[in-house]
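**Student:** One file: target07.tsv (TSV, C-alpha atoms).
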```
chain	number	residue	atom	x	y	z
W	1	MET	CA	0.00	0.00	0.00
W	2	ASP	CA	1.32	3.42	-0.95
W	3	LYS	CA	2.08	5.71	1.93
W	4	LYS	CA	-0.03	8.83	2.32
W	5	LYS	CA	2.06	11.98	1.99
W	6	VAL	CA	1.53	14.22	5.02
W	7	GLY	CA	2.83	17.77	5.27
W	8	LEU	CA	3.54	18.71	8.89
W	9	ILE	CA	3.57	22.52	9.18
W	10	PHE	CA	4.86	23.94	12.44
W	11	GLY	CA	6.54	26.93	14.09
W	12	GLY	CA	4.95	30.11	12.84
W	13	LYS	CA	5.06	33.86	13.37
W	14	SER	CA	3.40	33.61	16.76
W	15	ALA	CA	4.05	33.96	20.48
W	16	GLU	CA	3.32	30.23	20.63
W	17	HIS	CA	6.10	29.36	18.16
W	18	GLU	CA	8.06	27.24	20.66
W	19	VAL	CA	4.92	25.35	21.75
W	20	SER	CA	4.33	24.44	18.12
W	21	LEU	CA	7.89	23.12	17.78
W	22	GLN	CA	7.32	20.83	20.75
W	23	SER	CA	4.00	19.63	19.34
W	24	ALA	CA	5.57	18.92	15.94
W	25	LYS	CA	8.35	16.92	17.58
W	26	ASN	CA	5.81	14.75	19.39
W	27	VAL	CA	3.59	14.26	16.33
W	28	LEU	CA	6.57	13.21	14.22
W	29	GLU	CA	7.66	10.71	16.90
W	30	ALA	CA	4.16	9.24	17.16
W	31	ILE	CA	3.00	9.12	13.53
W	32	ASN	CA	3.02	5.69	11.91
W	33	GLN	CA	6.01	5.80	9.55
W	34	ASP	CA	4.77	2.64	7.81
W	35	LYS	CA	1.58	4.44	6.72
W	36	TYR	CA	2.76	8.01	6.17
W	37	GLU	CA	5.59	9.79	4.42
W	38	VAL	CA	6.09	13.07	6.29
W	39	THR	CA	7.28	16.33	4.74
W	40	LEU	CA	8.44	18.77	7.42
W	41	ILE	CA	7.70	22.44	6.78
W	42	GLY	CA	8.96	24.81	9.46
W	43	ILE	CA	7.89	28.44	9.55
W	44	ASP	CA	10.30	30.78	11.32
W	45	LYS	CA	9.36	33.79	13.41
W	46	GLU	CA	9.77	36.09	10.42
W	47	GLY	CA	7.24	34.02	8.47
W	48	ARG	CA	9.67	32.29	6.10
W	49	TRP	CA	8.94	28.67	5.19
W	50	HIS	CA	11.71	26.06	5.39
W	51	LEU	CA	11.82	22.52	4.04
W	52	ASN	CA	13.30	20.52	6.90
W	53	ASN	CA	14.93	17.16	7.45
W	54	ALA	CA	13.58	14.89	10.18
W	55	SER	CA	17.02	14.28	11.67
W	56	GLN	CA	17.82	17.95	12.28
W	57	PHE	CA	14.71	20.09	12.05
W	58	LEU	CA	15.01	21.30	15.65
W	59	LEU	CA	17.81	22.73	17.72
W	60	ASN	CA	17.86	22.01	21.48
W	61	ALA	CA	14.92	19.68	20.86
W	62	ASP	CA	14.84	18.32	24.40
W	63	ASP	CA	14.88	21.70	26.15
W	64	ALA	CA	11.49	23.43	26.18
W	65	LYS	CA	13.10	26.77	27.07
W	66	LEU	CA	15.76	26.71	24.33
W	67	ILE	CA	14.02	24.74	21.57
W	68	GLU	CA	14.48	26.41	18.18
W	69	LEU	CA	13.65	25.83	14.52
W	70	ASN	CA	16.67	24.84	12.43
W	71	LYS	CA	16.40	27.26	9.53
W	72	THR	CA	17.42	25.80	6.17
W	73	ASN	CA	18.40	27.36	2.88
W	74	ASP	CA	15.58	25.51	1.12
W	75	GLY	CA	12.55	27.79	1.11
W	76	ILE	CA	9.05	26.85	-0.02
W	77	ALA	CA	6.41	28.63	-2.09
W	78	VAL	CA	2.72	27.74	-2.27
W	79	VAL	CA	1.03	27.71	-5.68
W	80	PRO	CA	-2.77	28.03	-5.31
W	81	GLY	CA	-5.00	26.43	-7.91
W	82	GLU	CA	-2.63	23.68	-9.01
W	83	SER	CA	-3.84	20.09	-8.81
W	84	GLU	CA	-0.20	19.04	-8.60
W	85	ASN	CA	2.95	20.86	-7.56
W	86	GLN	CA	1.09	22.97	-4.98
W	87	LEU	CA	4.39	23.39	-3.14
W	88	LEU	CA	7.59	24.45	-4.88
W	89	SER	CA	11.16	24.33	-3.61
W	90	LEU	CA	12.66	27.81	-4.07
W	91	ASN	CA	16.10	26.28	-4.52
W	92	SER	CA	15.21	24.11	-7.48
W	93	THR	CA	11.82	25.61	-8.48
W	94	LYS	CA	10.67	22.00	-8.76
W	95	GLY	CA	7.44	20.81	-7.27
W	96	LEU	CA	7.59	18.75	-4.11
W	97	SER	CA	5.79	15.45	-3.92
W	98	GLN	CA	2.07	16.16	-4.00
W	99	LEU	CA	0.71	16.12	-0.46
W	100	ASP	CA	-2.38	14.08	0.38
W	101	VAL	CA	-3.04	16.08	3.53
W	102	VAL	CA	-1.49	18.78	5.70
W	103	PHE	CA	-1.34	18.67	9.49
W	104	PRO	CA	-0.94	22.32	10.55
W	105	ILE	CA	0.27	22.00	14.12
W	106	LEU	CA	0.52	25.79	14.36
W	107	HIS	CA	-0.69	27.36	17.59
W	108	GLY	CA	-1.83	30.95	17.93
W	109	THR	CA	-1.74	33.85	15.48
W	110	LEU	CA	-1.59	32.99	11.75
W	111	GLY	CA	-1.91	29.29	12.53
W	112	GLU	CA	-5.03	28.83	14.60
W	113	ASP	CA	-7.00	31.85	13.41
W	114	GLY	CA	-8.05	30.77	9.92
W	115	SER	CA	-5.04	32.23	8.08
W	116	ILE	CA	-3.23	28.99	7.19
W	117	GLN	CA	-6.60	27.27	6.73
W	118	GLY	CA	-7.61	29.81	4.08
W	119	MET	CA	-4.32	29.42	2.25
W	120	LEU	CA	-4.66	25.64	2.21
W	121	ARG	CA	-8.23	25.92	0.93
W	122	MET	CA	-6.95	28.14	-1.89
W	123	ALA	CA	-4.25	25.55	-2.66
W	124	ASN	CA	-6.89	22.78	-2.60
W	125	ILE	CA	-4.98	20.72	-0.04
W	126	PRO	CA	-6.88	18.75	2.64
W	127	PHE	CA	-5.88	19.78	6.15
W	128	VAL	CA	-6.40	18.60	9.72
W	129	GLY	CA	-8.62	20.65	12.02
W	130	SER	CA	-11.30	23.27	11.76
W	131	ASN	CA	-11.98	25.20	8.59
W	132	ILE	CA	-11.60	28.97	8.22
W	133	LEU	CA	-14.70	30.08	10.11
W	134	GLY	CA	-14.37	27.71	13.06
W	135	SER	CA	-10.70	28.57	13.45
W	136	ALA	CA	-11.28	32.33	13.32
W	137	VAL	CA	-14.19	32.51	15.77
W	138	CYS	CA	-12.53	30.23	18.34
W	139	MET	CA	-9.33	32.24	18.19
W	140	ASP	CA	-11.18	35.44	19.05
W	141	LYS	CA	-12.34	34.90	22.64
W	142	ASP	CA	-14.72	37.86	22.45
W	143	ILE	CA	-16.54	36.56	19.34
W	144	ALA	CA	-16.53	32.98	20.67
W	145	LYS	CA	-18.18	34.10	23.91
W	146	ARG	CA	-20.93	35.90	21.99
W	147	LEU	CA	-21.69	32.82	19.89
W	148	LEU	CA	-21.61	30.49	22.88
W	149	LYS	CA	-24.01	32.75	24.79
W	150	ASP	CA	-26.30	32.86	21.76
W	151	ALA	CA	-26.30	29.04	21.78
W	152	GLY	CA	-27.47	29.09	25.39
W	153	LEU	CA	-24.15	28.03	26.89
W	154	LYS	CA	-22.61	29.68	29.94
W	155	VAL	CA	-19.42	31.73	29.77
W	156	ALA	CA	-17.58	33.92	32.27
W	157	LYS	CA	-18.78	37.51	32.48
W	158	SER	CA	-16.31	39.90	30.87
W	159	HIS	CA	-15.59	43.33	29.42
W	160	THR	CA	-13.95	43.79	26.01
W	161	TYR	CA	-11.69	46.69	25.06
W	162	THR	CA	-9.72	47.69	21.98
W	163	ARG	CA	-6.89	50.18	21.58
W	164	ALA	CA	-9.54	52.69	20.51
W	165	THR	CA	-11.42	52.25	23.80
W	166	LYS	CA	-8.37	51.75	26.01
W	167	ASN	CA	-8.84	55.18	27.64
W	168	LYS	CA	-12.23	54.01	28.95
W	169	ILE	CA	-10.76	51.20	31.02
W	170	SER	CA	-11.42	51.87	34.69
W	171	PHE	CA	-10.26	49.61	37.50
W	172	GLU	CA	-13.06	50.82	39.78
W	173	THR	CA	-15.78	50.30	37.16
W	174	VAL	CA	-14.57	46.83	36.22
W	175	VAL	CA	-14.21	45.69	39.83
W	176	LYS	CA	-17.68	47.02	40.70
W	177	ASP	CA	-19.15	44.84	37.95
W	178	LEU	CA	-16.85	41.79	37.96
W	179	GLY	CA	-15.30	41.76	41.42
W	180	LEU	CA	-11.84	40.39	42.27
W	181	PRO	CA	-9.80	38.52	41.25
W	182	LEU	CA	-9.82	39.42	37.56
W	183	PHE	CA	-8.20	37.73	34.59
W	184	ILE	CA	-6.88	39.97	31.82
W	185	LYS	CA	-6.02	38.35	28.51
W	186	PRO	CA	-5.44	39.13	24.81
W	187	ALA	CA	-8.55	38.27	22.79
W	188	ASN	CA	-6.54	36.46	20.11
W	189	GLN	CA	-3.93	34.32	21.82
W	190	GLY	CA	-3.78	30.87	23.32
W	191	SER	CA	-1.59	28.84	25.67
W	192	SER	CA	-2.12	31.49	28.39
W	193	VAL	CA	0.19	33.90	26.53
W	194	GLY	CA	-0.23	37.41	27.91
W	195	VAL	CA	-2.72	36.28	30.58
W	196	SER	CA	-2.56	37.80	34.07
W	197	LYS	CA	-4.43	37.23	37.31
W	198	VAL	CA	-5.15	40.54	39.04
W	199	GLN	CA	-5.88	41.38	42.67
W	200	SER	CA	-4.97	45.09	42.85
W	201	GLN	CA	-4.99	48.30	40.80
W	202	GLU	CA	-1.21	48.16	40.36
W	203	GLU	CA	-1.43	44.62	38.97
W	204	PHE	CA	-4.41	45.68	36.84
W	205	THR	CA	-2.46	48.47	35.11
W	206	ARG	CA	0.49	46.18	34.34
W	207	ALA	CA	-1.77	43.38	33.14
W	208	VAL	CA	-3.66	45.63	30.71
W	209	GLU	CA	-0.38	46.76	29.14
W	210	GLU	CA	0.87	43.17	28.97
W	211	ALA	CA	-2.28	41.97	27.20
W	212	PHE	CA	-2.10	44.82	24.68
W	213	ASN	CA	1.46	43.72	23.86
W	214	PHE	CA	-0.04	40.63	22.21
W	215	ASP	CA	-3.29	41.87	20.66
W	216	HIS	CA	-5.28	44.96	19.71
W	217	LYS	CA	-8.28	43.68	21.67
W	218	ILE	CA	-8.32	42.41	25.25
W	219	LEU	CA	-10.79	40.79	27.64
W	220	ILE	CA	-11.14	41.53	31.33
W	221	GLU	CA	-12.87	38.56	32.87
W	222	GLU	CA	-14.37	37.74	36.23
W	223	GLY	CA	-12.53	35.15	38.28
W	224	ILE	CA	-14.53	31.94	38.52
W	225	ASN	CA	-14.31	29.86	41.66
W	226	GLY	CA	-14.41	26.39	40.20
W	227	ARG	CA	-12.50	23.32	39.14
W	228	GLU	CA	-10.59	23.53	35.84
W	229	ILE	CA	-11.96	20.74	33.66
W	230	GLU	CA	-11.00	20.01	30.06
W	231	CYS	CA	-12.64	17.75	27.50
W	232	SER	CA	-11.34	16.71	24.08
W	233	VAL	CA	-13.66	16.54	21.07
W	234	LEU	CA	-13.00	14.59	17.86
W	235	GLY	CA	-14.99	14.43	14.63
W	236	ASN	CA	-16.63	16.37	11.84
W	237	GLU	CA	-20.42	16.21	11.54
W	238	ASP	CA	-20.89	13.65	14.32
W	239	PRO	CA	-18.23	14.45	16.96
W	240	ILE	CA	-17.47	12.48	20.09
W	241	ALA	CA	-16.11	13.65	23.45
W	242	SER	CA	-13.37	12.12	25.60
W	243	VAL	CA	-13.47	11.54	29.32
W	244	PRO	CA	-12.93	14.90	31.06
W	245	GLY	CA	-9.70	15.68	32.85
W	246	GLU	CA	-8.94	18.10	35.66
W	247	ILE	CA	-6.05	20.52	35.98
W	248	VAL	CA	-4.83	21.09	39.51
W	249	SER	CA	-2.41	23.98	39.14
W	250	ASN	CA	0.45	24.42	41.57
W	251	GLY	CA	0.57	28.14	40.78
W	252	GLU	CA	-1.85	31.05	40.70
W	253	PHE	CA	-3.40	29.66	37.50
W	254	TYR	CA	-2.62	27.29	34.62
W	255	SER	CA	0.07	29.47	33.04
W	256	TYR	CA	2.21	29.08	29.91
W	257	GLU	CA	5.07	27.78	32.08
W	258	ALA	CA	2.85	25.15	33.72
W	259	LYS	CA	1.47	24.00	30.36
W	260	TYR	CA	4.65	23.61	28.38
W	261	ILE	CA	7.82	24.04	30.41
W	262	ASP	CA	7.45	23.08	34.07
W	263	GLU	CA	6.38	19.44	34.28
W	264	ASN	CA	5.60	20.05	37.96
W	265	GLY	CA	3.58	23.18	37.26
W	266	ALA	CA	0.28	21.32	37.38
W	267	VAL	CA	-1.19	17.91	38.07
W	268	LEU	CA	-3.44	16.43	35.40
W	269	GLU	CA	-6.07	14.12	36.85
W	270	ILE	CA	-7.41	11.89	34.09
W	271	PRO	CA	-10.17	11.04	34.27
W	272	ALA	CA	-11.41	13.81	36.53
W	273	LYS	CA	-13.14	12.71	39.73
W	274	LEU	CA	-16.69	13.57	38.70
W	275	SER	CA	-20.04	11.89	39.07
W	276	GLU	CA	-21.35	10.03	36.03
W	277	PRO	CA	-24.19	12.55	35.44
W	278	LEU	CA	-21.76	15.50	35.64
W	279	THR	CA	-19.28	13.74	33.34
W	280	ALA	CA	-22.04	13.15	30.78
W	281	LYS	CA	-23.17	16.78	31.04
W	282	ILE	CA	-19.64	18.09	30.48
W	283	GLN	CA	-19.21	15.84	27.44
W	284	GLU	CA	-22.57	16.96	26.06
W	285	THR	CA	-21.69	20.62	26.62
W	286	ALA	CA	-18.27	20.17	24.97
W	287	ILE	CA	-19.92	18.80	21.83
W	288	GLN	CA	-22.50	21.61	21.86
W	289	ALA	CA	-19.71	24.20	22.06
W	290	PHE	CA	-17.75	22.43	19.29
W	291	GLN	CA	-20.77	22.57	16.99
W	292	ALA	CA	-21.89	26.09	17.97
W	293	LEU	CA	-18.47	27.44	16.95
W	294	ASN	CA	-18.38	25.48	13.67
W	295	CYS	CA	-15.41	23.33	14.71
W	296	GLU	CA	-14.26	20.28	12.77
W	297	GLY	CA	-11.61	17.64	13.24
W	298	PHE	CA	-10.53	18.30	16.78
W	299	ALA	CA	-10.72	20.79	19.63
W	300	ARG	CA	-10.25	20.96	23.37
W	301	VAL	CA	-13.01	22.61	25.38
W	302	ASP	CA	-11.97	24.16	28.70
W	303	PHE	CA	-14.42	24.62	31.56
W	304	PHE	CA	-14.79	25.98	35.05
W	305	VAL	CA	-17.07	23.67	37.00
W	306	ASN	CA	-18.60	24.38	40.40
W	307	GLU	CA	-21.70	23.29	42.32
W	308	LYS	CA	-23.91	25.67	40.35
W	309	ASP	CA	-22.62	25.80	36.79
W	310	ILE	CA	-20.61	24.39	33.92
W	311	ILE	CA	-18.94	27.48	32.47
W	312	ILE	CA	-17.01	27.41	29.20
W	313	ASN	CA	-13.66	29.16	29.41
W	314	GLU	CA	-12.49	28.69	25.81
W	315	VAL	CA	-12.32	26.32	22.85
W	316	ASN	CA	-8.92	25.52	21.31
W	317	THR	CA	-9.01	24.34	17.69
W	318	ILE	CA	-5.33	23.31	17.58
W	319	PRO	CA	-4.68	22.13	21.13
W	320	GLY	CA	-1.16	21.30	22.23
W	321	PHE	CA	0.31	17.94	21.24
W	322	THR	CA	3.30	18.03	23.55
W	323	LYS	CA	4.11	15.13	25.84
W	324	ILE	CA	2.40	16.90	28.75
W	325	SER	CA	-0.61	18.18	26.75
W	326	MET	CA	-4.12	17.38	27.86
W	327	TYR	CA	-5.70	16.69	24.44
W	328	PRO	CA	-3.88	13.46	23.53
W	329	LYS	CA	-3.74	12.33	27.18
W	330	LEU	CA	-7.55	12.50	27.44
W	331	TRP	CA	-7.97	10.37	24.32
W	332	GLU	CA	-5.37	7.87	25.48
W	333	ILE	CA	-7.39	7.26	28.68
W	334	SER	CA	-10.55	7.17	26.53
W	335	GLY	CA	-9.08	4.32	24.47
W	336	ILE	CA	-7.45	6.06	21.50
W	337	SER	CA	-3.64	6.00	21.45
W	338	TYR	CA	-1.53	8.94	20.25
W	339	SER	CA	-0.73	7.20	16.96
W	340	GLU	CA	-4.37	6.18	16.40
W	341	LEU	CA	-5.46	9.74	17.13
W	342	ILE	CA	-3.22	11.06	14.37
W	343	ASP	CA	-4.71	8.43	12.00
W	344	LYS	CA	-8.23	9.58	12.85
W	345	LEU	CA	-7.40	13.27	12.41
W	346	ILE	CA	-5.88	12.62	8.98
W	347	ALA	CA	-8.90	10.53	7.95
W	348	LEU	CA	-11.28	13.29	9.12
W	349	ALA	CA	-9.36	15.87	7.08
W	350	ILE	CA	-9.56	13.79	3.90
W	351	GLU	CA	-13.23	12.98	4.55
W	352	ARG	CA	-14.12	16.67	4.81
W	353	HIS	CA	-12.11	17.55	1.71
W	354	GLU	CA	-13.87	14.86	-0.31
W	355	ARG	CA	-17.22	16.18	0.96
W	356	ASP	CA	-16.27	19.73	-0.04
W	357	MET	CA	-15.24	18.57	-3.51
W	358	LEU	CA	-18.84	17.47	-4.13
W	359	LEU	CA	-20.01	21.08	-3.98
W	360	LYS	CA	-20.69	22.78	-7.31
W	361	ASN	CA	-18.58	25.78	-8.26
W	362	SER	CA	-20.61	26.66	-11.33
W	363	VAL	CA	-24.30	27.45	-11.91
W	364	ASN	CA	-24.29	25.46	-15.17
```
So, in terms of structure tokens, how does the structure I just supplied come out?
**Tutor:**
Amino acid sequence: MDKKKVGLIFGGKSAEHEVSLQSAKNVLEAINQDKYEVTLIGIDKEGRWHLNNASQFLLNADDAKLIELNKTNDGIAVVPGESENQLLSLNSTKGLSQLDVVFPILHGTLGEDGSIQGMLRMANIPFVGSNILGSAVCMDKDIAKRLLKDAGLKVAKSHTYTRATKNKISFETVVKDLGLPLFIKPANQGSSVGVSKVQSQEEFTRAVEEAFNFDHKILIEEGINGREIECSVLGNEDPIASVPGEIVSNGEFYSYEAKYIDENGAVLEIPAKLSEPLTAKIQETAIQAFQALNCEGFARVDFFVNEKDIIINEVNTIPGFTKISMYPKLWEISGISYSELIDKLIALAIERHERDMLLKNSVN
């Protein structure tokens, strides 16, 4: 049987660049080499694309703090509209082997926000994960909250500000409405990048500036007193949910460091110690959120759960695939191994592409 040709795109011009490198390393180690021929495409922080070799595509690969893309002299160009030779080597101007599917393991800006998804649609290449709309709305926490509320799902109360309305931000006004503590975060980031927990006006001022360093729009959110529960979702039109897991953070909150660098930064309890009815309700709510936000392929839905409510924190359309990431761990406990999960994601990508190809593009 011929191997399927998979393009693994990673890195990116994003604050989550290093997280993506770790995820790519883990995906490459887990993918079934007997079934797939992998083409490694690394994007550096300046946005340049590099054709990489599996033996040396990362520098300091085993150090989460120093991990780095090995930039090559072999750049890549994308040629939209071609049925073959969609990717060209800039060194030789020859087409690379035609890819059957792309796995964009790009976290954050320009990778998780619909940008790469739109480019791959233009190039007519099947790709893993949500399409343009689902990616874009989930990336923008403000828009996602509005859609989730419209679907009748509960989200944390928050205020949204842009650079144009920054001068209207008032600590006293926000605290009067939302109380303390507060969480201040960029609207369009993931992996807890730029997120701060605030207890005082001094912290508030610093946190607002920090969030605006990463986005032009920020959210100021009420602090929710509840357990941090996460649930993985898998599928296209008929998605399924994993067992939920719980994050017990050893810090103030589940920070970037705790997620990707400090293996002792949090304890992941999988499955979470929940009653059967509550487990079923969380799984049901995760699927409802997945569908309300037009997700496909895979996503991780994050919750705050207390005695009163199941509150959606956010939905991640390209969740981390590092060795300490929740998404693959939840599926492993649910009965789907890391390697099998990659198989399913690739199959879902091809299934959706074949479905899309049935649509007419002419009125005749």
**Student:** Identify which of the residues W:Gly118, W:Pro80, W:Pro277, W:Gly297 lies closest to Asp238 (chain W), counting only C-alpha atoms when measuring atom-to-atom distances.
**Tutor:**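 With only C-alpha atoms as the atom set, the closest residue is W:Gly297.
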**Student:** Any idea what the distance is between CA of Leu40 (chain W) and CA of Leu8 (chain W)?
**Tutor:**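 Taking CA of Leu40 (chain W) and CA of Leu8 (chain W), their separation equals 5.1 Å.
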**Student:** Can you tell me which residues surround region 210-213 of chain W at a distance of at most 8 Å, considering all atoms listed in the file, apart from same-chain residues fewer than 3 positions away, and format the answer as a list in words?
**Tutor:** Arg163, Ile184, Lys185, Pro186, Gly194, Val195, Arg206, Ala207, His216, Lys217 and Ile218 of chain W
**Student:** Kindly indicate which residue among W:Asp34, W:Glu314, W:Glu276, W:Asp309 lies nearest to Asn225 (chain W), using only C-alpha atoms for the distances.
**Tutor:** W:Asp309
**Student:** Out of W:Gly223, W:Pro104, W:Gly7, W:Gly129, which residue has the shortest atom-to-atom distance to Gln86 (chain W) when counting all atoms listed in the file?
**Tutor:**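 Checking each of W:Gly223, W:Pro104, W:Gly7, W:Gly129 against Gln86 (chain W), counting all atoms listed in the file, the winner is W:Gly7.
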**Student:** Give the answer as one residue: which of W:Asn306, W:Asn70, W:Thr173, W:Ser334 has the shortest atom-to-atom distance to Pro271 (chain W), using all atoms listed in the file?
**Tutor:**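 Checking each of W:Asn306, W:Asn70, W:Thr173, W:Ser334 against Pro271 (chain W), counting all atoms listed in the file, the winner is W:Ser334.
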**Student:** Within 10 Å of (-4.9, 26.9, 19.0) in the file's own coordinates, which protein, DNA or RNA residues have an atom, counting all atoms listed in the file? List them as a list in words.
**Tutor:**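 Taken together, the residues in range are Glu16, Ser20, Ile105, Leu106, His107, Gly108, Thr109, Gly111, Glu112, Asp113, Ser135, Cys138, Met139, Asn188, Gln189, Gly190, Ser191, Ala299, Arg300, Val315, Asn316, Thr317, Ile318, Pro319 and Gly320 of chain W.
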**Student:** Residues at most 10 Å from Ala61 (chain W), counting only C-alpha atoms, excluding those fewer than 6 positions away in the same chain, as an MDAnalysis selection string?
**Tutor:** chainID W and resid 21:22 25 67:69
**Student:** Check the smallest atom-to-atom distance from each of W:Ile9, W:Leu28, W:Leu58, W:Val301 to Thr322 (chain W) using all atoms listed in the file, then report the winner.
**Tutor:**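 Residue with the minimum atom-to-atom distance to Thr322 (chain W): W:Leu28.
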**Student:** For CA of Ile336 (chain W) and CA of Ala289 (chain W), quote the distance in Å rounded to one decimal.
**Tutor:**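 Atom-to-atom, CA of Ile336 (chain W) and CA of Ala289 (chain W) are spaced 21.9 Å apart.
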**Student:** Restricting the calculation to all atoms listed in the file: of W:Ile220, W:Val27, W:Leu110, W:Ile247, which residue gets closest to Ser14 (chain W)?
**Tutor:**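 Smallest separation from Ser14 (chain W) among the options: W:Leu110.
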**Student:** Rounded to one decimal in Å, what is the spacing between CA of Asn236 (chain W) and CA of Glu296 (chain W)?
**Tutor:**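 According to the coordinates, CA of Asn236 (chain W) and CA of Glu296 (chain W) are separated by 4.7 Å.
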**Student:** Box along x, y and z, 4 Å on every side, all listed atoms of region 116-120 of chain W inside: centre and edge lengths in Å to one decimal, as lines of an AutoDock Vina configuration file.
**Tutor:**
```
center_x = -5.4
center_y = 27.7
center_z = 4.7
size_x = 12.4
size_y = 12.2
size_z = 13.0
```
**Student:** Which neighbours of Leu274 (chain W) fall inside 10 Å, counting only C-alpha atoms, when residues of the same chain fewer than 6 positions from it are skipped, and could you give them as a PDB file with C-alpha atoms, in the frame of the given file?
**Tutor:**
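The new file around-v7.pdb reads:
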```
ATOM      1  CA  ILE W 229     -11.960  20.740  33.660  1.00  0.00           C
ATOM      2  CA  PRO W 244     -12.930  14.900  31.060  1.00  0.00           C
ATOM      3  CA  GLY W 245      -9.700  15.680  32.850  1.00  0.00           C
ATOM      4  CA  GLU W 246      -8.940  18.100  35.660  1.00  0.00           C
ATOM      5  CA  ALA W 280     -22.040  13.150  30.780  1.00  0.00           C
ATOM      6  CA  ILE W 282     -19.640  18.090  30.480  1.00  0.00           C
TER       7      ILE W 282
END
```
**Student:** Set the distance at 7 Å and use all atoms listed in the file: which residues neighbour Asn52 (chain W) once local chain neighbours fewer than 3 positions away are removed? I'd like the list as a list in words.
**Tutor:**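 These residues fall inside the cut-off: Leu40, Ile41, Gly42, Phe57 and Thr72 of chain W.
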